[in-house]
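Okay, upload-v4.csv is below, CSV, C-alpha atoms and all ligand atoms:
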chain,number,residue,atom,x,y,z
A,1,MET,CA,5.9,-37.5,-4.1
A,2,SER,CA,5.3,-36.7,-0.4
A,3,ALA,CA,1.9,-36.9,1.2
A,4,THR,CA,1.7,-33.2,1.5
A,5,GLU,CA,2.4,-32.7,-2.2
A,6,THR,CA,-0.3,-35.1,-3.3
A,7,GLN,CA,-2.8,-33.4,-1.0
A,8,ALA,CA,-1.8,-29.9,-2.2
A,9,SER,CA,-5.0,-27.9,-2.4
A,10,PRO,CA,-6.0,-25.3,-5.0
A,11,VAL,CA,-5.1,-21.7,-4.0
A,12,HIS,CA,-8.6,-20.6,-3.3
A,13,GLN,CA,-8.9,-23.2,-0.5
A,14,THR,CA,-5.8,-22.0,1.3
A,15,VAL,CA,-7.3,-18.7,2.2
A,16,ARG,CA,-7.9,-18.7,6.0
A,17,THR,CA,-11.1,-18.2,7.8
A,18,PRO,CA,-11.3,-14.6,8.9
A,19,ASP,CA,-9.5,-13.6,12.1
A,20,PRO,CA,-12.3,-12.9,14.6
A,21,ASN,CA,-10.2,-10.1,16.2
A,22,ALA,CA,-9.6,-8.3,12.9
A,23,HIS,CA,-11.3,-5.0,12.0
A,24,PRO,CA,-14.0,-5.2,9.4
A,25,ALA,CA,-12.9,-5.0,5.8
A,26,ARG,CA,-14.3,-2.1,3.8
A,27,LEU,CA,-11.9,-2.7,1.0
A,28,LYS,CA,-12.3,-6.0,-0.9
A,29,ALA,CA,-10.8,-7.5,-4.0
A,30,ASP,CA,-12.6,-10.1,-5.9
A,31,ALA,CA,-10.9,-12.2,-8.6
A,32,VAL,CA,-8.6,-9.4,-9.8
A,33,SER,CA,-6.4,-10.3,-12.8
A,34,VAL,CA,-4.1,-7.9,-14.6
A,35,PHE,CA,-2.7,-8.1,-18.1
A,36,TYR,CA,0.1,-6.1,-19.6
A,37,GLY,CA,-0.7,-6.6,-23.3
A,38,GLU,CA,-0.8,-10.3,-23.8
A,39,LYS,CA,1.1,-11.1,-20.6
A,40,GLN,CA,-0.9,-11.9,-17.5
A,41,ALA,CA,0.8,-10.5,-14.4
A,42,LEU,CA,-1.8,-11.2,-11.8
A,43,PHE,CA,-4.2,-14.2,-11.5
A,44,ASP,CA,-7.6,-14.1,-9.8
A,45,VAL,CA,-6.6,-12.3,-6.6
A,46,SER,CA,-9.3,-12.2,-3.9
A,47,ILE,CA,-8.6,-10.6,-0.5
A,48,ASP,CA,-10.3,-8.6,2.2
A,49,LEU,CA,-8.2,-5.7,3.5
A,50,PRO,CA,-9.3,-4.7,7.1
A,51,GLU,CA,-9.6,-1.1,8.1
A,52,LYS,CA,-7.6,0.5,10.9
A,53,SER,CA,-5.0,-2.1,10.3
A,54,VAL,CA,-1.8,-2.6,8.3
A,55,SER,CA,-1.8,-5.3,5.6
A,56,ALA,CA,1.6,-6.3,4.1
A,57,PHE,CA,2.1,-7.7,0.6
A,58,ILE,CA,5.3,-9.9,0.4
A,59,GLY,CA,6.8,-12.1,-2.2
A,60,PRO,CA,9.8,-12.3,-4.6
A,61,SER,CA,10.5,-9.5,-7.0
A,62,GLY,CA,8.2,-9.6,-10.0
A,63,CYS,CA,5.5,-11.6,-8.3
A,64,GLY,CA,2.9,-8.8,-8.8
A,65,LYS,CA,2.8,-6.9,-5.5
A,66,SER,CA,3.1,-3.4,-7.1
A,67,THR,CA,0.7,-4.4,-9.9
A,68,PHE,CA,-1.9,-5.4,-7.3
A,69,LEU,CA,-1.3,-2.3,-5.2
A,70,ARG,CA,-1.8,-0.1,-8.3
A,71,CYS,CA,-5.1,-1.8,-9.0
A,72,ILE,CA,-6.4,-0.4,-5.7
A,73,ASN,CA,-6.3,3.2,-6.7
A,74,ARG,CA,-6.5,2.6,-10.4
A,75,MET,CA,-2.9,3.6,-11.1
A,76,ASN,CA,-2.8,0.9,-13.7
A,77,ASP,CA,-5.2,3.0,-15.7
A,78,THR,CA,-2.2,5.2,-16.5
A,79,ILE,CA,-0.1,2.3,-17.9
A,80,GLU,CA,-0.4,1.9,-21.6
A,81,GLY,CA,-1.7,-1.6,-22.5
A,82,ALA,CA,-2.6,-2.6,-18.9
A,83,ARG,CA,-6.0,-4.2,-18.4
A,84,VAL,CA,-7.6,-5.1,-15.1
A,85,ALA,CA,-10.4,-7.7,-14.7
A,86,GLY,CA,-12.4,-8.5,-11.6
A,87,LYS,CA,-13.7,-6.2,-9.0
A,88,ILE,CA,-12.4,-4.1,-6.1
A,89,THR,CA,-14.9,-2.5,-3.8
A,90,LEU,CA,-14.7,0.1,-1.1
A,91,ASP,CA,-17.8,0.1,1.1
A,92,ASP,CA,-19.4,-2.1,-1.6
A,93,HIS,CA,-18.8,0.6,-4.3
A,94,ASN,CA,-17.0,-0.8,-7.3
A,95,LEU,CA,-13.8,1.2,-7.9
A,96,TYR,CA,-13.9,0.2,-11.5
A,97,ASP,CA,-17.4,1.7,-12.1
A,98,GLN,CA,-17.4,3.8,-15.2
A,99,SER,CA,-19.1,6.7,-13.5
A,100,LEU,CA,-16.5,6.9,-10.7
A,101,ASP,CA,-14.3,10.0,-10.6
A,102,VAL,CA,-10.7,8.7,-10.5
A,103,VAL,CA,-9.2,11.9,-9.2
A,104,GLU,CA,-11.5,11.8,-6.2
A,105,LEU,CA,-10.8,8.1,-5.8
A,106,ARG,CA,-7.0,8.8,-5.6
A,107,ALA,CA,-7.7,11.3,-2.8
A,108,ARG,CA,-9.6,8.6,-0.8
A,109,ILE,CA,-7.0,6.0,-1.6
A,110,GLY,CA,-3.6,7.7,-1.4
A,111,MET,CA,-0.3,6.4,-2.5
A,112,VAL,CA,3.3,6.7,-1.3
A,113,PHE,CA,6.1,5.5,-3.6
A,114,GLN,CA,9.4,3.8,-3.1
A,115,LYS,CA,11.4,6.9,-3.9
A,116,PRO,CA,10.2,10.0,-2.1
A,117,ASN,CA,8.9,12.3,-4.8
A,118,PRO,CA,8.1,15.7,-3.3
A,119,PHE,CA,7.0,18.3,-5.9
A,120,PRO,CA,9.6,21.0,-6.6
A,121,LYS,CA,7.8,23.4,-4.3
A,122,SER,CA,8.0,24.5,-0.7
A,123,ILE,CA,7.2,22.1,2.2
A,124,PHE,CA,4.0,24.0,2.8
A,125,GLU,CA,3.0,23.9,-0.9
A,126,ASN,CA,3.6,20.2,-1.2
A,127,VAL,CA,1.0,19.6,1.5
A,128,ALA,CA,-1.3,22.4,0.5
A,129,TYR,CA,-1.5,21.3,-3.2
A,130,GLY,CA,-4.0,18.5,-2.8
A,131,PRO,CA,-6.4,20.3,-0.5
A,132,LYS,CA,-6.3,23.3,-2.9
A,133,ILE,CA,-7.2,21.3,-6.0
A,134,HIS,CA,-9.9,19.4,-4.2
A,135,GLY,CA,-11.3,22.6,-2.7
A,136,LEU,CA,-11.0,21.4,0.9
A,137,ALA,CA,-10.1,24.7,2.5
A,138,ARG,CA,-12.5,27.6,2.7
A,139,SER,CA,-9.9,30.2,3.8
A,140,LYS,CA,-6.2,30.7,4.1
A,141,ALA,CA,-6.4,29.9,7.8
A,142,ASP,CA,-8.2,26.7,7.0
A,143,LEU,CA,-5.5,25.7,4.5
A,144,GLU,CA,-2.8,26.4,7.1
A,145,GLU,CA,-4.6,24.3,9.6
A,146,ILE,CA,-4.8,21.4,7.2
A,147,VAL,CA,-1.1,21.7,6.3
A,148,ILE,CA,0.0,21.9,10.0
A,149,THR,CA,-2.2,19.0,11.1
A,150,SER,CA,-1.1,16.8,8.2
A,151,LEU,CA,2.6,17.5,9.0
A,152,GLN,CA,1.9,16.7,12.6
A,153,LYS,CA,0.1,13.4,11.7
A,154,ALA,CA,3.1,12.5,9.6
A,155,GLY,CA,5.5,13.2,12.5
A,156,LEU,CA,7.3,15.9,10.6
A,157,PHE,CA,6.0,19.2,11.9
A,158,GLU,CA,8.5,19.8,14.7
A,159,GLU,CA,11.4,19.2,12.3
A,160,VAL,CA,10.2,21.6,9.6
A,161,LYS,CA,8.1,24.3,11.4
A,162,ASP,CA,10.7,27.0,11.0
A,163,ARG,CA,11.2,26.3,7.3
A,164,LEU,CA,7.8,25.6,5.8
A,165,HIS,CA,8.5,27.9,2.9
A,166,GLN,CA,11.8,26.2,1.9
A,167,PRO,CA,11.9,23.5,-0.8
A,168,GLY,CA,10.6,20.1,0.1
A,169,THR,CA,13.5,18.6,-1.9
A,170,GLY,CA,16.0,20.1,0.6
A,171,LEU,CA,14.9,17.6,3.3
A,172,SER,CA,16.6,14.3,4.1
A,173,GLY,CA,15.2,11.2,2.4
A,174,GLY,CA,13.3,10.1,5.5
A,175,GLN,CA,11.9,13.6,6.0
A,176,GLN,CA,10.9,13.7,2.3
A,177,GLN,CA,9.1,10.4,2.7
A,178,ARG,CA,7.2,11.7,5.7
A,179,LEU,CA,6.4,14.8,3.6
A,180,CYS,CA,4.9,12.6,1.0
A,181,ILE,CA,2.9,10.8,3.7
A,182,ALA,CA,1.7,14.3,4.9
A,183,ARG,CA,0.7,15.1,1.3
A,184,ALA,CA,-1.4,12.0,1.1
A,185,ILE,CA,-3.0,12.6,4.5
A,186,ALA,CA,-3.9,16.2,3.6
A,187,VAL,CA,-6.7,15.2,1.3
A,188,GLY,CA,-8.4,13.1,4.0
A,189,PRO,CA,-7.9,9.6,2.6
A,190,GLU,CA,-9.4,6.4,4.0
A,191,VAL,CA,-6.7,4.1,2.6
A,192,ILE,CA,-3.0,4.7,2.2
A,193,LEU,CA,-1.0,2.5,-0.2
A,194,MET,CA,2.7,2.3,0.3
A,195,ASP,CA,5.0,0.6,-2.2
A,196,GLU,CA,8.3,-0.3,-0.5
A,197,PRO,CA,8.3,3.1,1.3
A,198,CYS,CA,11.5,2.5,3.2
A,199,SER,CA,13.6,0.8,0.5
A,200,ALA,CA,15.5,4.1,-0.3
A,201,LEU,CA,16.0,5.0,3.4
A,202,ASP,CA,18.7,4.3,6.0
A,203,PRO,CA,17.8,2.1,9.1
A,204,ILE,CA,17.1,5.1,11.4
A,205,ALA,CA,14.7,6.8,8.9
A,206,THR,CA,13.1,3.4,8.3
A,207,ALA,CA,12.5,2.9,12.0
A,208,ILE,CA,10.8,6.3,12.2
A,209,ILE,CA,8.5,5.5,9.2
A,210,GLU,CA,7.7,2.1,10.7
A,211,GLU,CA,6.7,3.8,14.0
A,212,LEU,CA,4.6,6.3,12.0
A,213,ILE,CA,2.8,3.5,10.1
A,214,ASP,CA,2.0,1.9,13.4
A,215,GLU,CA,0.5,5.2,14.7
A,216,LEU,CA,-1.4,5.9,11.5
A,217,ARG,CA,-3.2,2.6,11.5
A,218,SER,CA,-5.6,3.7,14.2
A,219,ASN,CA,-7.1,6.0,11.6
A,220,TYR,CA,-6.5,4.5,8.2
A,221,THR,CA,-6.5,1.3,6.2
A,222,ILE,CA,-2.8,0.9,5.3
A,223,ILE,CA,-1.4,-1.5,2.7
A,224,ILE,CA,2.3,-1.8,2.4
A,225,VAL,CA,4.4,-3.7,-0.1
A,226,THR,CA,7.7,-4.7,1.3
A,227,HIS,CA,10.6,-6.9,0.3
A,228,SER,CA,11.6,-7.1,4.0
A,229,MET,CA,10.0,-9.9,5.9
A,230,GLN,CA,11.2,-8.4,9.1
A,231,GLN,CA,9.4,-5.2,8.2
A,232,ALA,CA,6.2,-7.0,7.4
A,233,ALA,CA,6.4,-8.9,10.7
A,234,ARG,CA,7.0,-5.6,12.6
A,235,VAL,CA,4.4,-3.4,11.1
A,236,SER,CA,1.5,-5.5,9.8
A,237,GLN,CA,-1.4,-7.3,11.3
A,238,LYS,CA,-2.2,-9.1,8.1
A,239,THR,CA,0.2,-10.6,5.5
A,240,ALA,CA,-0.4,-11.7,2.0
A,241,PHE,CA,2.2,-13.8,0.2
A,242,PHE,CA,2.4,-13.5,-3.6
A,243,HIS,CA,4.3,-15.8,-6.0
A,244,LEU,CA,4.4,-15.7,-9.8
A,245,GLY,CA,1.3,-13.4,-9.9
A,246,LYS,CA,-0.8,-15.5,-7.6
A,247,LEU,CA,-1.9,-14.9,-4.0
A,248,ILE,CA,-0.6,-18.0,-2.4
A,249,GLU,CA,-1.7,-17.4,1.2
A,250,GLU,CA,-2.9,-14.7,3.4
A,251,GLY,CA,-3.8,-14.4,7.1
A,252,PRO,CA,-2.8,-12.9,10.4
A,253,THR,CA,0.9,-11.9,10.2
A,254,GLU,CA,1.9,-14.0,13.1
A,255,GLU,CA,0.4,-17.1,11.6
A,256,ILE,CA,2.0,-16.5,8.2
A,257,PHE,CA,5.4,-16.2,9.7
A,258,THR,CA,5.2,-18.9,12.3
A,259,ASN,CA,2.8,-21.4,10.9
A,260,PRO,CA,2.2,-21.0,7.1
A,261,ARG,CA,0.0,-23.6,5.5
A,262,GLU,CA,1.6,-23.5,2.1
A,263,LYS,CA,5.0,-25.0,1.3
A,264,ARG,CA,5.8,-22.0,-1.0
A,265,THR,CA,5.2,-19.6,1.8
A,266,GLN,CA,7.4,-21.6,4.1
A,267,ASP,CA,10.1,-21.7,1.4
A,268,TYR,CA,9.9,-18.0,1.0
A,269,ILE,CA,10.0,-17.0,4.6
A,270,THR,CA,12.9,-19.3,5.3
A,271,GLY,CA,14.8,-17.9,2.3
A,272,ARG,CA,14.6,-20.8,0.0
A,273,ILE,CA,12.8,-18.8,-2.8
A,274,GLY,CA,13.1,-15.2,-3.6
B,301,LIG,N1,4.3,-1.4,-16.9
B,301,LIG,C1,4.5,-2.7,-17.1
B,301,LIG,N2,4.5,-3.2,-18.4
B,301,LIG,C2,4.7,-4.6,-18.6
B,301,LIG,N3,4.9,-5.5,-17.7
B,301,LIG,C3,5.0,-5.0,-16.4
B,301,LIG,C4,4.8,-3.7,-16.1
B,301,LIG,N4,4.8,-3.5,-14.7
B,301,LIG,C5,5.1,-4.8,-14.2
B,301,LIG,N5,5.2,-5.7,-15.3
B,301,LIG,C6,5.4,-7.1,-15.1
B,301,LIG,O1,4.5,-7.6,-14.2
B,301,LIG,C7,5.0,-8.6,-13.4
B,301,LIG,C8,4.8,-8.1,-11.9
B,301,LIG,O2,5.5,-6.9,-11.7
B,301,LIG,P1,5.4,-6.1,-10.4
B,301,LIG,O3,4.0,-5.9,-10.0
B,301,LIG,O4,6.2,-4.9,-10.6
B,301,LIG,O5,6.1,-7.0,-9.3
B,301,LIG,P2,6.6,-6.8,-7.8
B,301,LIG,O6,6.2,-5.4,-7.4
B,301,LIG,O7,6.2,-7.9,-7.0
B,301,LIG,O8,8.1,-6.8,-7.9
B,301,LIG,C9,6.5,-8.7,-13.7
B,301,LIG,O9,6.7,-9.8,-14.6
B,301,LIG,C10,6.8,-7.4,-14.4
B,301,LIG,O10,7.8,-7.5,-15.4
B,302,MG,MG,7.2,-3.7,-6.9
Any chance you could put this one into structure tokens?
Amino acid sequence: MSATETQASPVHQTVRTPDPNAHPARLKADAVSVFYGEKQALFDVSIDLPEKSVSAFIGPSGCGKSTFLRCINRMNDTIEGARVAGKITLDDHNLYDQSLDVVELRARIGMVFQKPNPFPKSIFENVAYGPKIHGLARSKADLEEIVITSLQKAGLFEEVKDRLHQPGTGLSGGQQQRLCIARAIAVGPEVILMDEPCSALDPIATAIIEELIDELRSNYTIIIVTHSMQQAARVSQKTAFFHLGKLIEEGPTEEIFTNPREKRTQDYITGRIG
């Protein structure tokens, strides 16, 4: 056994001291575990996720990235047999508080999925739907304003302004994904969760989404799951590496990719595991 192996420290000691340049974290996870029936999929994950910044979750398939992401807006509630332990707080409010309105929570913490999933409605209605059900627009003009601004923020407006009343499903994959981002933005979220948002897209559409993520970070807390280490390195300021349901290491992206502390992180980023 090598010296480094004998000195291997428990996971909780590998978490780095906070980056003094990082934005403050309003979103915090504390000892989060997830069970699917008898099977534990996530073990004691604690992490601070800074605002106005992109955090990337990386790790081999099945390591629990999506499971953890879904904890953050309580999407696991919708999975039969799933149980979450531990605490997640946004501005010190426990997201698992019994009295919390989950529909409202999912407006504050929006989600974008791997496969673009526009509603079978017009481009306009896709974006207008959330503001309507949340009563965010006082008038028709108000609603139009929200739709247009959201499409602009998602970098889609110029491409679709002449066909707002045509089906969202008629757009290209990359445009559909930006439509889904506009739909999330329309309800005024603070946090946007993205689960492999580019994995169904071609390289050009991927580059456009990555640029968009970089722009959006000045206004939102963004968390992206990606199987692409290049993507994590390009878009994120913080990276968290997961393996077999555990958070192995987290820290400033540059440090994780150039100078990881843990051998398992090193093995993953150099392609030895995964
Ligand atoms: N709905 C589910 N029911 C049962 N097991 C699940 C469910 N979703 C995920 N799992 C299991 O939890 C583990 C973590 O999965 P997941 O979070 O999807 O990983 P990742 O996103 O990193 O690929 C895997 O072993 C997976 O099989
Ligand atoms: Mg996943």
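Around ligand MG 302 (chain B), using all atoms listed in the file and a cut-off of 8 Å, the residues in contact are Ser61, Gly62, Gly64, Lys65, Ser66, Thr67, Asp195, Glu196 and Val225 of chain A.
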Once you count all atoms listed in the file, which residues end up within 9 Å of ligand LIG 301 (chain B), and could you hand them over as a PDB file with C-alpha atoms, keeping the file's coordinate frame?
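Output (result35.pdb):
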ATOM      1  CA  VAL A  34      -4.100  -7.900 -14.600  1.00  0.00           C
ATOM      2  CA  PHE A  35      -2.700  -8.100 -18.100  1.00  0.00           C
ATOM      3  CA  TYR A  36       0.100  -6.100 -19.600  1.00  0.00           C
ATOM      4  CA  GLY A  37      -0.700  -6.600 -23.300  1.00  0.00           C
ATOM      5  CA  LYS A  39       1.100 -11.100 -20.600  1.00  0.00           C
ATOM      6  CA  GLN A  40      -0.900 -11.900 -17.500  1.00  0.00           C
ATOM      7  CA  ALA A  41       0.800 -10.500 -14.400  1.00  0.00           C
ATOM      8  CA  LEU A  42      -1.800 -11.200 -11.800  1.00  0.00           C
ATOM      9  CA  PHE A  57       2.100  -7.700   0.600  1.00  0.00           C
ATOM     10  CA  ILE A  58       5.300  -9.900   0.400  1.00  0.00           C
ATOM     11  CA  GLY A  59       6.800 -12.100  -2.200  1.00  0.00           C
ATOM     12  CA  PRO A  60       9.800 -12.300  -4.600  1.00  0.00           C
ATOM     13  CA  SER A  61      10.500  -9.500  -7.000  1.00  0.00           C
ATOM     14  CA  GLY A  62       8.200  -9.600 -10.000  1.00  0.00           C
ATOM     15  CA  CYS A  63       5.500 -11.600  -8.300  1.00  0.00           C
ATOM     16  CA  GLY A  64       2.900  -8.800  -8.800  1.00  0.00           C
ATOM     17  CA  LYS A  65       2.800  -6.900  -5.500  1.00  0.00           C
ATOM     18  CA  SER A  66       3.100  -3.400  -7.100  1.00  0.00           C
ATOM     19  CA  THR A  67       0.700  -4.400  -9.900  1.00  0.00           C
ATOM     20  CA  PHE A  68      -1.900  -5.400  -7.300  1.00  0.00           C
ATOM     21  CA  LEU A  69      -1.300  -2.300  -5.200  1.00  0.00           C
ATOM     22  CA  ARG A  70      -1.800  -0.100  -8.300  1.00  0.00           C
ATOM     23  CA  ASN A  76      -2.800   0.900 -13.700  1.00  0.00           C
ATOM     24  CA  ILE A  79      -0.100   2.300 -17.900  1.00  0.00           C
ATOM     25  CA  GLU A  80      -0.400   1.900 -21.600  1.00  0.00           C
ATOM     26  CA  GLY A  81      -1.700  -1.600 -22.500  1.00  0.00           C
ATOM     27  CA  ALA A  82      -2.600  -2.600 -18.900  1.00  0.00           C
ATOM     28  CA  ASP A 195       5.000   0.600  -2.200  1.00  0.00           C
ATOM     29  CA  GLU A 196       8.300  -0.300  -0.500  1.00  0.00           C
ATOM     30  CA  VAL A 225       4.400  -3.700  -0.100  1.00  0.00           C
ATOM     31  CA  THR A 226       7.700  -4.700   1.300  1.00  0.00           C
ATOM     32  CA  HIS A 227      10.600  -6.900   0.300  1.00  0.00           C
ATOM     33  CA  PHE A 242       2.400 -13.500  -3.600  1.00  0.00           C
ATOM     34  CA  HIS A 243       4.300 -15.800  -6.000  1.00  0.00           C
ATOM     35  CA  LEU A 244       4.400 -15.700  -9.800  1.00  0.00           C
ATOM     36  CA  GLY A 245       1.300 -13.400  -9.900  1.00  0.00           C
TER      37      GLY A 245
END
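Between CA of Leu193 in chain A and CA of Ile109 in chain A lies a distance of 7.1 Å.
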Under the rule of at most 12 Å, produce a per-residue listing of range 23-77 of chain A near range 252-261 of chain A: chain, number, name, the closest pair of atoms, and the distance in Å, as a tab-separated table, using all atoms listed in the file.
residue	atom	partner	partner_atom	distance
A:His23	CA	A:Pro252	CA	11.7
A:Asp48	CA	A:Pro252	CA	11.9
A:Leu49	CA	A:Pro252	CA	11.3
A:Pro50	CA	A:Pro252	CA	11.0
A:Ser53	CA	A:Pro252	CA	11.0
A:Val54	CA	A:Thr253	CA	9.9
A:Ser55	CA	A:Thr253	CA	8.5
A:Ala56	CA	A:Thr253	CA	8.3
A:Phe57	CA	A:Thr253	CA	10.5
A:Ile58	CA	A:Ile256	CA	10.7
For range 120-133 of chain A, list every protein, DNA or RNA residue within 6 Å, evaluated using all atoms listed in the file, and leave out those in the same chain fewer than 4 positions away; present the list as a compact mmCIF listing (two decimals) with C-alpha atoms, in the frame of the given file.
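Output file selection-v1.txt follows:
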# COMPACT_ATOMS: atom_id res chain seq x y z
CA VAL A 147 -1.10 21.70 6.30
CA LEU A 164 7.80 25.60 5.80
CA HIS A 165 8.50 27.90 2.90
CA GLN A 166 11.80 26.20 1.90
CA PRO A 167 11.90 23.50 -0.80
CA GLY A 168 10.60 20.10 0.10
CA ARG A 183 0.70 15.10 1.30
CA VAL A 187 -6.70 15.20 1.30
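Atom pair CA of Ile47 in chain A / CA of Lys28 in chain A has a distance of 5.9 Å (rounded to one decimal).
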Separation of CA of Leu216 in chain A from CA of Ala22 in chain A in Å: 16.5 Å
Closest of A:Leu201, A:Val112, A:Leu136, A:Ile223 to Ile181 in chain A - atom-to-atom distances counting all atoms listed in the file: A:Val112
Shell of 6 Å around Thr221 in chain A, only C-alpha atoms, local chain residues under 3 positions omitted, as a list in words: Glu51, Lys52, Ser53 and Val191 of chain A
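With all atoms listed in the file as the basis for measurement, A:His134 is the residue among A:Lys153, A:Arg217, A:Lys87, A:His134 that approaches Leu105 in chain A most closely.
Distances here use all atoms listed in the file; by that measure, the residue among A:Ala31, A:Leu100, A:Met111, A:Ala205 closest to Ala85 in chain A is A:Ala31.
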Protein, DNA and RNA residues within 7 Å of (4.8, -17.0, 1.1), only C-alpha atoms, as a PyMOL selection string: chain A and resi 59+241-242+248-249+264-266+268-269
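For the residues A:Lys246, A:Asp214, A:Lys140, A:Phe119, ranking by smallest atom-to-atom distance to Ala233 in chain A using all atoms listed in the file places A:Asp214 first.
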Would you mind completing range 246-260 of chain A so that it carries N, CA and C atoms, and writing it out as an mmCIF file, keeping the file's coordinate frame?
data_model
loop_
_atom_site.group_PDB
_atom_site.id
_atom_site.type_symbol
_atom_site.label_atom_id
_atom_site.label_comp_id
_atom_site.auth_asym_id
_atom_site.auth_seq_id
_atom_site.Cartn_x
_atom_site.Cartn_y
_atom_site.Cartn_z
ATOM 1 N N LYS A 246 0.329 -14.938 -8.310
ATOM 2 C CA LYS A 246 -0.800 -15.500 -7.600
ATOM 3 C C LYS A 246 -0.704 -15.190 -6.087
ATOM 4 N N LEU A 247 -1.860 -14.985 -5.477
ATOM 5 C CA LEU A 247 -1.900 -14.900 -4.000
ATOM 6 C C LEU A 247 -1.894 -16.277 -3.472
ATOM 7 N N ILE A 248 -0.790 -16.634 -2.852
ATOM 8 C CA ILE A 248 -0.600 -18.000 -2.400
ATOM 9 C C ILE A 248 -1.317 -18.232 -1.051
ATOM 10 N N GLU A 249 -1.145 -17.244 -0.187
ATOM 11 C CA GLU A 249 -1.700 -17.400 1.200
ATOM 12 C C GLU A 249 -1.775 -16.072 1.848
ATOM 13 N N GLU A 250 -2.791 -15.920 2.667
ATOM 14 C CA GLU A 250 -2.900 -14.700 3.400
ATOM 15 C C GLU A 250 -3.516 -15.023 4.799
ATOM 16 N N GLY A 251 -3.224 -14.182 5.784
ATOM 17 C CA GLY A 251 -3.800 -14.400 7.100
ATOM 18 C C GLY A 251 -3.117 -13.503 8.124
ATOM 19 N N PRO A 252 -3.441 -13.687 9.403
ATOM 20 C CA PRO A 252 -2.800 -12.900 10.400
ATOM 21 C C PRO A 252 -1.279 -13.021 10.326
ATOM 22 N N THR A 253 -0.587 -11.899 10.431
ATOM 23 C CA THR A 253 0.900 -11.900 10.200
ATOM 24 C C THR A 253 1.594 -12.936 11.020
ATOM 25 N N GLU A 254 1.233 -13.038 12.285
ATOM 26 C CA GLU A 254 1.900 -14.000 13.100
ATOM 27 C C GLU A 254 1.816 -15.411 12.619
ATOM 28 N N GLU A 255 0.608 -15.752 12.154
ATOM 29 C CA GLU A 255 0.400 -17.100 11.600
ATOM 30 C C GLU A 255 1.227 -17.348 10.376
ATOM 31 N N ILE A 256 1.231 -16.351 9.475
ATOM 32 C CA ILE A 256 2.000 -16.500 8.200
ATOM 33 C C ILE A 256 3.451 -16.754 8.479
ATOM 34 N N PHE A 257 3.974 -16.047 9.481
ATOM 35 C CA PHE A 257 5.400 -16.200 9.700
ATOM 36 C C PHE A 257 5.779 -17.346 10.647
ATOM 37 N N THR A 258 4.831 -17.831 11.417
ATOM 38 C CA THR A 258 5.200 -18.900 12.300
ATOM 39 C C THR A 258 4.630 -20.262 11.887
ATOM 40 N N ASN A 259 3.498 -20.198 11.175
ATOM 41 C CA ASN A 259 2.800 -21.400 10.900
ATOM 42 C C ASN A 259 2.108 -21.391 9.530
ATOM 43 N N PRO A 260 2.869 -21.123 8.445
ATOM 44 C CA PRO A 260 2.200 -21.000 7.100
ATOM 45 C C PRO A 260 1.635 -22.369 6.718
#
